[in-house]
$ cat model_11.cif   # mmCIF, C-alpha atoms and all ligand atoms
data_structure
loop_
_atom_site.label_atom_id
_atom_site.label_comp_id
_atom_site.auth_asym_id
_atom_site.auth_seq_id
_atom_site.Cartn_x
_atom_site.Cartn_y
_atom_site.Cartn_z
CA MET A 126 -37.24 61.31 -139.28
CA LYS A 127 -34.78 60.36 -142.04
CA SER A 128 -36.21 58.35 -144.91
CA THR A 129 -34.99 54.92 -146.05
CA LEU A 130 -32.13 55.12 -148.57
CA SER A 131 -33.35 54.96 -152.15
CA ILE A 132 -32.05 55.15 -155.72
CA GLU A 133 -34.17 58.24 -156.40
CA GLN A 134 -32.70 60.06 -153.42
CA THR A 135 -29.17 59.12 -154.56
CA GLN A 136 -29.67 60.26 -158.15
CA ASN A 137 -31.50 63.52 -157.40
CA ARG A 138 -29.33 66.60 -157.35
CA GLY A 139 -29.86 69.89 -155.51
CA LEU A 140 -28.48 73.17 -156.83
CA LYS A 141 -25.41 73.00 -154.59
CA GLN A 142 -24.52 69.45 -155.68
CA SER A 143 -25.01 70.30 -159.37
CA ALA A 144 -22.72 73.32 -158.98
CA LYS A 145 -20.07 71.12 -157.33
CA GLU A 146 -20.29 68.63 -160.18
CA TRP A 147 -19.87 71.36 -162.77
CA ALA A 148 -16.81 72.58 -160.86
CA GLY A 149 -15.61 68.96 -160.77
CA TRP A 150 -16.11 68.61 -164.51
CA ILE A 151 -13.95 71.68 -165.12
CA ALA A 152 -11.30 70.46 -162.64
CA ALA A 153 -11.30 67.07 -164.42
CA ILE A 154 -10.60 68.72 -167.78
CA VAL A 155 -7.94 71.08 -166.45
CA ALA A 156 -6.11 68.32 -164.49
CA ALA A 157 -6.55 65.51 -167.02
CA ASN A 158 -3.59 63.43 -165.78
CA ARG A 159 -4.75 63.56 -162.17
CA THR A 160 -8.26 62.63 -163.33
CA LYS A 161 -6.92 59.54 -165.07
CA GLN A 162 -4.97 58.56 -161.91
CA LEU A 163 -8.10 58.95 -159.78
CA ARG A 164 -10.25 57.04 -162.25
CA ASP A 165 -7.79 54.11 -162.16
CA SER A 166 -7.14 54.34 -158.40
CA PRO A 167 -10.05 56.20 -156.79
CA THR A 168 -9.50 57.64 -153.34
CA SER A 169 -12.25 57.54 -150.72
CA LYS A 170 -10.52 60.29 -148.70
CA PRO A 171 -9.44 63.08 -151.09
CA THR A 172 -7.22 65.52 -149.21
CA ASN A 173 -7.29 68.69 -151.34
CA LEU A 174 -9.98 70.68 -153.11
CA GLN A 175 -8.95 69.62 -156.60
CA ASP A 176 -9.14 65.90 -155.74
CA LYS A 177 -12.45 66.38 -153.93
CA LEU A 178 -13.99 68.06 -156.98
CA ILE A 179 -12.60 65.47 -159.39
CA MET A 180 -13.82 62.60 -157.21
CA ASP A 181 -17.34 64.12 -157.06
CA PHE A 182 -17.31 64.33 -160.83
CA LEU A 183 -15.95 60.79 -161.31
CA LYS A 184 -18.52 59.26 -158.95
CA ARG A 185 -21.40 60.97 -160.73
CA HIS A 186 -19.97 60.01 -164.13
CA ALA A 187 -19.52 56.37 -163.05
CA MET A 188 -23.06 56.26 -161.66
CA LEU A 189 -24.64 57.61 -164.85
CA ASN A 190 -22.49 55.41 -167.08
CA LYS A 191 -22.78 52.26 -164.92
CA HIS A 192 -19.06 51.83 -164.31
CA ALA A 193 -19.27 49.17 -161.62
CA ASP A 194 -15.48 48.54 -161.70
CA PHE A 195 -14.83 52.10 -160.56
CA PHE A 196 -17.11 51.71 -157.53
CA GLU A 197 -15.58 48.37 -156.60
CA ARG A 198 -12.10 49.96 -156.59
CA LEU A 199 -13.43 52.89 -154.54
CA HIS A 200 -14.99 50.60 -151.93
CA ILE A 201 -11.81 48.55 -151.59
CA ASP A 202 -9.81 51.76 -151.06
CA PHE A 203 -12.24 52.84 -148.33
CA TRP A 204 -12.30 49.56 -146.42
CA GLN A 205 -8.58 48.83 -146.67
CA GLY A 206 -7.79 52.22 -145.21
CA GLU A 207 -8.96 54.20 -142.20
CA GLY A 208 -12.60 53.57 -143.08
CA GLY A 209 -12.41 49.96 -141.97
CA ILE A 210 -10.82 50.63 -138.63
CA GLU A 211 -13.09 53.57 -137.84
CA PHE A 212 -16.06 51.36 -138.59
CA SER A 213 -15.58 48.92 -135.73
CA GLN A 214 -14.98 51.76 -133.25
CA ASN A 215 -18.37 53.25 -134.15
CA CYS A 216 -20.43 50.34 -135.39
CA ASP A 217 -19.84 47.32 -133.17
CA HIS A 218 -23.27 47.99 -131.67
CA ARG A 219 -24.73 46.62 -134.92
CA PHE A 220 -24.11 43.05 -133.77
CA GLU A 221 -26.51 43.67 -130.85
CA ASP A 222 -28.84 46.20 -132.48
CA LEU A 223 -29.18 44.63 -135.89
CA PHE A 224 -28.30 40.96 -135.74
CA LEU A 225 -29.41 40.01 -132.24
CA ALA A 226 -32.31 42.44 -131.92
CA LYS A 227 -33.81 42.42 -135.43
CA GLN A 228 -32.66 39.18 -136.99
CA LYS A 229 -33.24 36.64 -134.23
CA PHE A 230 -35.87 35.04 -136.48
CA GLU A 231 -33.26 34.72 -139.24
CA PHE A 232 -30.81 33.13 -136.83
CA ASP A 233 -33.44 30.56 -135.78
CA GLN A 234 -34.04 29.76 -139.46
CA LEU A 235 -30.31 29.49 -140.03
CA ARG A 236 -29.91 27.11 -137.12
CA GLU A 237 -32.60 24.84 -138.64
CA VAL A 238 -30.89 24.83 -142.02
CA TRP A 239 -27.53 24.20 -140.35
CA ASN A 240 -28.97 21.24 -138.45
CA GLN A 241 -30.38 19.74 -141.67
CA LEU A 242 -27.28 20.20 -143.82
CA ARG A 243 -24.66 19.88 -141.09
CA PRO A 244 -21.88 21.94 -142.70
CA LYS A 245 -18.47 21.76 -141.02
CA HIS A 246 -17.01 25.19 -141.64
CA ILE A 247 -18.08 28.82 -141.30
CA ILE A 248 -16.60 31.46 -143.59
CA GLU A 249 -17.51 35.06 -142.86
CA PHE A 250 -16.75 37.69 -145.50
CA GLY A 251 -16.10 41.16 -144.03
CA CYS A 252 -16.09 39.88 -140.44
CA ASN A 253 -14.67 43.16 -139.06
CA SER A 254 -14.27 42.78 -135.28
CA GLY A 255 -15.48 39.16 -135.35
CA LEU A 256 -18.40 39.42 -132.91
CA LEU A 257 -20.86 37.60 -135.14
CA LEU A 258 -18.38 34.93 -136.17
CA ASN A 259 -17.67 34.13 -132.53
CA TYR A 260 -21.40 33.97 -131.83
CA LEU A 261 -22.15 31.62 -134.74
CA THR A 262 -19.18 29.39 -133.95
CA THR A 263 -20.27 28.91 -130.36
CA GLN A 264 -24.04 28.73 -131.02
CA LEU A 265 -24.20 26.34 -133.97
CA GLU A 266 -23.55 22.68 -133.24
CA GLY A 267 -20.47 20.82 -134.45
CA VAL A 268 -18.52 23.63 -136.11
CA GLN A 269 -15.06 22.29 -137.03
CA SER A 270 -13.45 25.52 -138.18
CA SER A 271 -14.34 29.18 -138.71
CA THR A 272 -12.57 31.72 -140.88
CA GLY A 273 -13.05 35.46 -140.67
CA ILE A 274 -12.06 37.16 -143.90
CA GLU A 275 -11.44 40.86 -143.68
CA ILE A 276 -9.84 43.28 -146.14
CA ASN A 277 -8.74 45.67 -143.37
CA ALA A 278 -5.34 44.35 -142.19
CA GLN A 279 -5.27 46.47 -139.03
CA GLN A 280 -8.62 45.08 -137.92
CA VAL A 281 -7.38 41.54 -138.51
CA GLN A 282 -4.25 42.20 -136.44
CA GLN A 283 -6.45 43.40 -133.57
CA ASN A 284 -8.62 40.28 -133.82
CA GLN A 285 -5.56 38.01 -133.93
CA ALA A 286 -4.10 39.72 -130.84
CA SER A 287 -7.30 39.21 -128.85
CA ASP A 288 -7.86 36.16 -126.63
CA SER A 289 -11.64 36.55 -126.59
CA PHE A 290 -12.34 34.30 -129.57
CA ASP A 291 -13.24 30.63 -129.71
CA PRO A 292 -10.04 28.67 -130.61
CA ARG A 293 -11.66 27.24 -133.77
CA ILE A 294 -11.65 30.74 -135.31
CA GLN A 295 -8.90 32.07 -137.57
CA PHE A 296 -8.76 35.55 -139.05
CA THR A 297 -7.17 36.34 -142.36
CA ALA A 298 -6.46 39.69 -144.01
CA THR A 299 -7.41 39.27 -147.63
CA GLU A 300 -9.99 40.13 -150.26
CA GLY A 301 -13.08 37.89 -150.00
CA GLY A 302 -13.24 36.70 -153.61
CA GLU A 303 -9.54 35.87 -153.77
CA TRP A 304 -9.77 33.82 -150.59
CA LEU A 305 -12.80 31.93 -151.85
CA PHE A 306 -11.24 30.88 -155.16
CA GLU A 307 -8.03 29.69 -153.52
CA ASN A 308 -9.10 28.19 -150.20
CA ALA A 309 -12.78 27.35 -149.80
CA THR A 310 -13.93 23.74 -149.39
CA ALA A 311 -17.29 21.94 -149.56
CA ASN A 312 -19.58 21.79 -146.51
CA SER A 313 -19.31 25.46 -145.60
CA LEU A 314 -21.69 28.12 -144.37
CA TYR A 315 -20.82 31.48 -145.98
CA VAL A 316 -21.85 34.60 -144.09
CA SER A 317 -22.03 38.27 -145.03
CA ASN A 318 -23.64 40.38 -142.33
CA GLY A 319 -24.60 44.02 -142.02
CA GLY A 320 -23.59 44.90 -145.58
CA VAL A 321 -20.58 43.29 -147.24
CA LEU A 322 -21.72 41.97 -150.64
CA GLU A 323 -22.96 45.51 -151.30
CA TYR A 324 -19.28 46.44 -151.94
CA PHE A 325 -18.76 43.77 -154.62
CA LYS A 326 -19.86 44.34 -158.20
CA ARG A 327 -22.46 41.90 -159.51
CA GLU A 328 -20.10 40.17 -161.98
CA ARG A 329 -17.70 39.36 -159.15
CA LEU A 330 -20.50 37.94 -157.00
CA ASP A 331 -21.73 35.85 -159.95
CA GLU A 332 -18.23 34.33 -160.28
CA MET A 333 -18.01 33.64 -156.54
CA LEU A 334 -21.46 32.05 -156.25
CA THR A 335 -21.03 30.00 -159.41
CA HIS A 336 -17.74 28.73 -158.03
CA ILE A 337 -19.55 27.58 -154.87
CA THR A 338 -22.42 25.85 -156.68
CA ALA A 339 -20.13 24.24 -159.28
CA GLN A 340 -17.25 23.14 -157.02
CA LEU A 341 -18.12 23.41 -153.34
CA ARG A 342 -21.46 21.70 -152.73
CA PRO A 343 -23.12 21.33 -150.32
CA ALA A 344 -23.13 24.90 -149.06
CA VAL A 345 -25.29 27.44 -147.23
CA PHE A 346 -25.16 31.22 -147.65
CA PHE A 347 -26.48 33.69 -145.09
CA ALA A 348 -26.46 37.27 -146.39
CA SER A 349 -27.80 40.31 -144.56
CA GLU A 350 -27.45 43.22 -146.95
CA PRO A 351 -28.94 46.70 -147.44
CA VAL A 352 -30.97 47.41 -150.56
CA ALA A 353 -32.49 50.61 -151.95
CA ASP A 354 -36.08 51.08 -150.83
CA ASP A 355 -37.25 51.70 -154.42
CA HIS A 356 -35.31 48.85 -156.05
CA ASP A 357 -38.15 46.77 -157.50
CA TRP A 358 -36.78 43.25 -157.93
CA THR A 359 -39.74 42.23 -160.06
CA LEU A 360 -38.63 44.80 -162.64
CA SER A 361 -34.87 44.96 -162.40
CA THR A 362 -31.95 42.58 -161.84
CA GLU A 363 -29.50 45.45 -162.24
CA SER A 364 -27.12 46.32 -159.37
CA ILE A 365 -27.54 50.02 -158.72
CA PRO A 366 -25.25 52.31 -156.65
CA PHE A 367 -27.16 53.99 -153.83
CA GLY A 368 -26.76 55.90 -150.57
CA GLU A 369 -23.88 58.12 -149.55
CA GLU A 370 -21.30 55.36 -150.06
CA LEU A 371 -22.65 54.46 -153.51
CA SER A 372 -22.56 50.78 -152.64
CA PHE A 373 -24.58 48.38 -154.78
CA SER A 374 -28.24 47.59 -154.26
CA HIS A 375 -28.27 44.03 -155.66
CA ASN A 376 -31.32 41.94 -156.46
CA TYR A 377 -30.54 39.15 -153.97
CA THR A 378 -33.29 36.83 -155.18
CA ASP A 379 -31.91 36.89 -158.69
CA LEU A 380 -28.30 36.85 -157.49
CA PHE A 381 -28.69 33.57 -155.60
CA GLU A 382 -31.21 31.81 -157.86
CA SER A 383 -29.48 32.61 -161.15
CA ASN A 384 -26.27 31.16 -159.72
CA GLY A 385 -27.77 27.82 -158.72
CA PHE A 386 -28.84 28.40 -155.11
CA SER A 387 -32.34 27.78 -153.71
CA ILE A 388 -33.60 30.45 -151.36
CA VAL A 389 -35.04 28.88 -148.22
CA HIS A 390 -35.71 32.11 -146.32
CA GLN A 391 -35.79 35.81 -147.19
CA ARG A 392 -37.10 38.76 -145.21
CA ALA A 393 -36.55 42.52 -145.00
CA VAL A 394 -36.19 44.47 -141.76
CA GLN A 395 -35.82 48.19 -141.23
CA PHE A 396 -32.59 49.27 -139.52
CA ASP A 397 -32.11 53.06 -139.17
CA THR A 398 -32.18 54.38 -142.75
CA TRP A 399 -31.46 50.98 -144.27
CA LYS A 400 -33.78 48.35 -145.61
CA MET A 401 -31.83 45.19 -144.74
CA VAL A 402 -32.67 41.99 -146.58
CA ALA A 403 -31.62 38.72 -144.97
CA THR A 404 -31.37 35.76 -147.33
CA ILE A 405 -30.62 32.13 -146.51
CA ALA A 406 -29.81 30.13 -149.62
CA THR A 407 -28.58 26.58 -150.06
CA CYS A 408 -27.08 24.34 -152.73
CA ARG A 409 -27.20 20.64 -151.85
C1 LIG A 501 -20.35 47.52 -143.42
S1 LIG A 501 -19.01 46.60 -142.77
C2 LIG A 501 -19.85 45.22 -141.99
C3 LIG A 501 -19.00 44.63 -140.92
C4 LIG A 501 -19.65 43.50 -140.10
N1 LIG A 501 -19.95 42.36 -140.94
C5 LIG A 501 -20.86 44.01 -139.36
O1 LIG A 501 -21.97 43.55 -139.62
O2 LIG A 501 -20.71 44.88 -138.52
C6 LIG A 501 -18.26 45.85 -144.19
C7 LIG A 501 -17.03 45.01 -143.85
O3 LIG A 501 -16.63 44.29 -145.02
C8 LIG A 501 -15.22 44.42 -145.22
N2 LIG A 501 -14.97 44.29 -146.66
C9 LIG A 501 -15.40 45.12 -147.64
N3 LIG A 501 -15.03 44.67 -148.84
C10 LIG A 501 -14.38 43.50 -148.62
C11 LIG A 501 -13.75 42.55 -149.49
N4 LIG A 501 -13.74 42.71 -150.81
N5 LIG A 501 -13.17 41.46 -148.93
C12 LIG A 501 -13.18 41.28 -147.57
N6 LIG A 501 -13.74 42.16 -146.71
C13 LIG A 501 -14.33 43.25 -147.23
C14 LIG A 501 -14.92 45.80 -144.66
O4 LIG A 501 -13.57 46.01 -144.36
C15 LIG A 501 -15.84 45.85 -143.44
O5 LIG A 501 -15.25 45.30 -142.31
#
$ encode --input "model_11.cif" --output "structure tokens" --more "lines below"
Ligand SMILES: C[S@@+](CC[C@H](N)C(=O)[O-])C[C@H]1O[C@@H](n2cnc3c(N)ncnc32)[C@H](O)[C@@H]1O
Amino acid sequence: MKSTLSIEQTQNRGLKQSAKEWAGWIAAIVAANRTKQLRDSPTSKPTNLQDKLIMDFLKRHAMLNKHADFFERLHIDFWQGEGGIEFSQNCDHRFEDLFLAKQKFEFDQLREVWNQLRPKHIIEFGCNSGLLLNYLTTQLEGVQSSTGIEINAQQVQQNQASDSFDPRIQFTATEGGEWLFENATANSLYVSNGGVLEYFKRERLDEMLTHITAQLRPAVFFASEPVADDHDWTLSTESIPFGEELSFSHNYTDLFESNGFSIVHQRAVQFDTWKMVATIATCR
């Protein structure tokens, strides 16, 4: 059985990986211009050996030197490209297997909070194929509008072409933070499900959450995000890259509370090799 993803597992290196990184280090020195290009615009799908070696080196270097900006650019490249569209073909089962099967309790809690605060709008970051957004829009009472924000334009086109969504739902192809700063209004429920905030660096999330608590009250946030099994939140508020994707394990308690939210529910569930933490936080 595979073990739960951890920081230790991510940082440990076998002989083969160390050899690849040494080769990457040499490739990075020999092809200095290409290395600079890849540092500024990382590619998640390197096509030749030189780029593969340089990317291995750059990822390791960024991890050891805590270059969160590099990882954020890398994640955007992945999700804007083929990665995003391949995801829904292979991972739509997560709506059933993760959200409906493992987080029913969280949904019941969310419904209670919704009924107390009575928001009007639902905003889902990284909605992908929109299954959860459609579910929430039809299951929660009195939703006036729902917006699915998705960085993968092809996925959004597919959603827009489909007639299977509730008419209150709109999909928009844009980056989550940009949309929030320009368009969000008070009385909204913000949703990130199955791992979305994990692709944002902590500073960006701080700006987004502070914007909500300062300008857009009242609001509710539902976040279901993977975290590293050995990330001890009592010891560290750092956001640490982990797993194969090197997405961020954030300290979600600190993230929400330090930005003015109160956490009304938080619980971890195991889902395959991920420890998923669901958080419901409010600002009134
Ligand atoms: C791991 S998938 C989760 C998808 C879906 N929420 C689910 O549970 O199946 C992450 C999703 O977030 C989207 N995404 C990643 N970064 C984003 C960003 N900065 N702005 C908007 N969407 C983003 C990706 O394109 C992808 O659809």
$ residues_near_ligand --input "model_11.cif" --ligand "ligand LIG 501 (chain A)" --cutoff "6 Å" --atoms "all atoms listed in the file" --output "list of chain:residue names"
A:Ile201, A:Trp204, A:Gly209, A:Asp217, A:Arg219, A:Phe250, A:Gly251, A:Cys252, A:Asn253, A:Ile274, A:Glu275, A:Ile276, A:Asn277, A:Glu300, A:Gly301, A:Asn318, A:Gly319, A:Gly320, A:Val321, A:Tyr324
$ write_last_selection --input "model_11.cif" --atoms "C-alpha atoms" --output "tab-separated table (two decimals), in the coordinates of the input"
chain	number	residue	atom	x	y	z
A	201	ILE	CA	-11.81	48.55	-151.59
A	204	TRP	CA	-12.30	49.56	-146.42
A	209	GLY	CA	-12.41	49.96	-141.97
A	217	ASP	CA	-19.84	47.32	-133.17
A	219	ARG	CA	-24.73	46.62	-134.92
A	250	PHE	CA	-16.75	37.69	-145.50
A	251	GLY	CA	-16.10	41.16	-144.03
A	252	CYS	CA	-16.09	39.88	-140.44
A	253	ASN	CA	-14.67	43.16	-139.06
A	274	ILE	CA	-12.06	37.16	-143.90
A	275	GLU	CA	-11.44	40.86	-143.68
A	276	ILE	CA	-9.84	43.28	-146.14
A	277	ASN	CA	-8.74	45.67	-143.37
A	300	GLU	CA	-9.99	40.13	-150.26
A	301	GLY	CA	-13.08	37.89	-150.00
A	318	ASN	CA	-23.64	40.38	-142.33
A	319	GLY	CA	-24.60	44.02	-142.02
A	320	GLY	CA	-23.59	44.90	-145.58
A	321	VAL	CA	-20.58	43.29	-147.24
A	324	TYR	CA	-19.28	46.44	-151.94
$ closest_residue --input "model_11.cif" --among "A:Arg293, A:Lys170, A:Arg164, A:His200" --to "Tyr260 of chain A" --atoms "all atoms listed in the file"
A:Arg293
$ residues_around --input "model_11.cif" --residues "Gln280 of chain A" --least-positions-apart "2" --cutoff "10 Å" --atoms "all atoms listed in the file" --output "ChimeraX atom specification"
/A:205,209-213,252-255,275-278,282-286,296-298
$ closest_residue --input "model_11.cif" --among "A:Glu328, A:Val389, A:Lys400, A:Asp355" --to "Asp194 of chain A" --atoms "all atoms listed in the file"
A:Glu328
$ atom_distance --input "model_11.cif" --atom1 "atom CA of Cys216 of chain A" --atom2 "atom CA of Gln134 of chain A"
23.9 Å
$ closest_residue --input "model_11.cif" --among "A:Gln241, A:Ser361, A:Asn376, A:Ser287" --to "Glu323 of chain A" --atoms "all atoms listed in the file"
A:Asn376
$ residues_around --input "model_11.cif" --residues "Thr359 of chain A" --least-positions-apart "5" --cutoff "12 Å" --atoms "all atoms listed in the file" --output "mmCIF file with C-alpha atoms, keeping the file's coordinate frame"
data_model
loop_
_atom_site.group_PDB
_atom_site.id
_atom_site.type_symbol
_atom_site.label_atom_id
_atom_site.label_comp_id
_atom_site.auth_asym_id
_atom_site.auth_seq_id
_atom_site.Cartn_x
_atom_site.Cartn_y
_atom_site.Cartn_z
ATOM 1 C CA ASN A 376 -31.320 41.940 -156.460
ATOM 2 C CA TYR A 377 -30.540 39.150 -153.970
ATOM 3 C CA THR A 378 -33.290 36.830 -155.180
ATOM 4 C CA ASP A 379 -31.910 36.890 -158.690
#
$ closest_residue --input "model_11.cif" --among "A:Pro171, A:Pro292, A:Gly385, A:Gly273" --to "Ser317 of chain A" --atoms "only C-alpha atoms"
A:Gly273
$ closest_residue --input "model_11.cif" --among "A:Ala353, A:Ile294, A:Leu183, A:Leu258" --to "Ala157 of chain A" --atoms "all atoms listed in the file"
A:Leu183
$ atom_distance --input "model_11.cif" --atom1 "atom CA of Lys191 of chain A" --atom2 "atom CA of His356 of chain A"
15.7 Å
$ atom_distance --input "model_11.cif" --atom1 "atom CA of Ala156 of chain A" --atom2 "atom CA of Ala187 of chain A"
18.0 Å
$ closest_residue --input "model_11.cif" --among "A:Gln340, A:Phe396, A:Ser131, A:Thr172" --to "Glu221 of chain A" --atoms "all atoms listed in the file"
A:Phe396
$ axis_aligned_box --input "model_11.cif" --around "segment 354-360 of chain A" --padding-each-side "5 Å" --output "AutoDock Vina command-line options"
--center_x -37.5 --center_y 47.0 --center_z -156.7 --size_x 14.4 --size_y 19.5 --size_z 21.8
$ residues_around --input "model_11.cif" --residues "Ile132 of chain A" --least-positions-apart "4" --cutoff "10 Å" --atoms "only C-alpha atoms" --output "count of residues only"
13
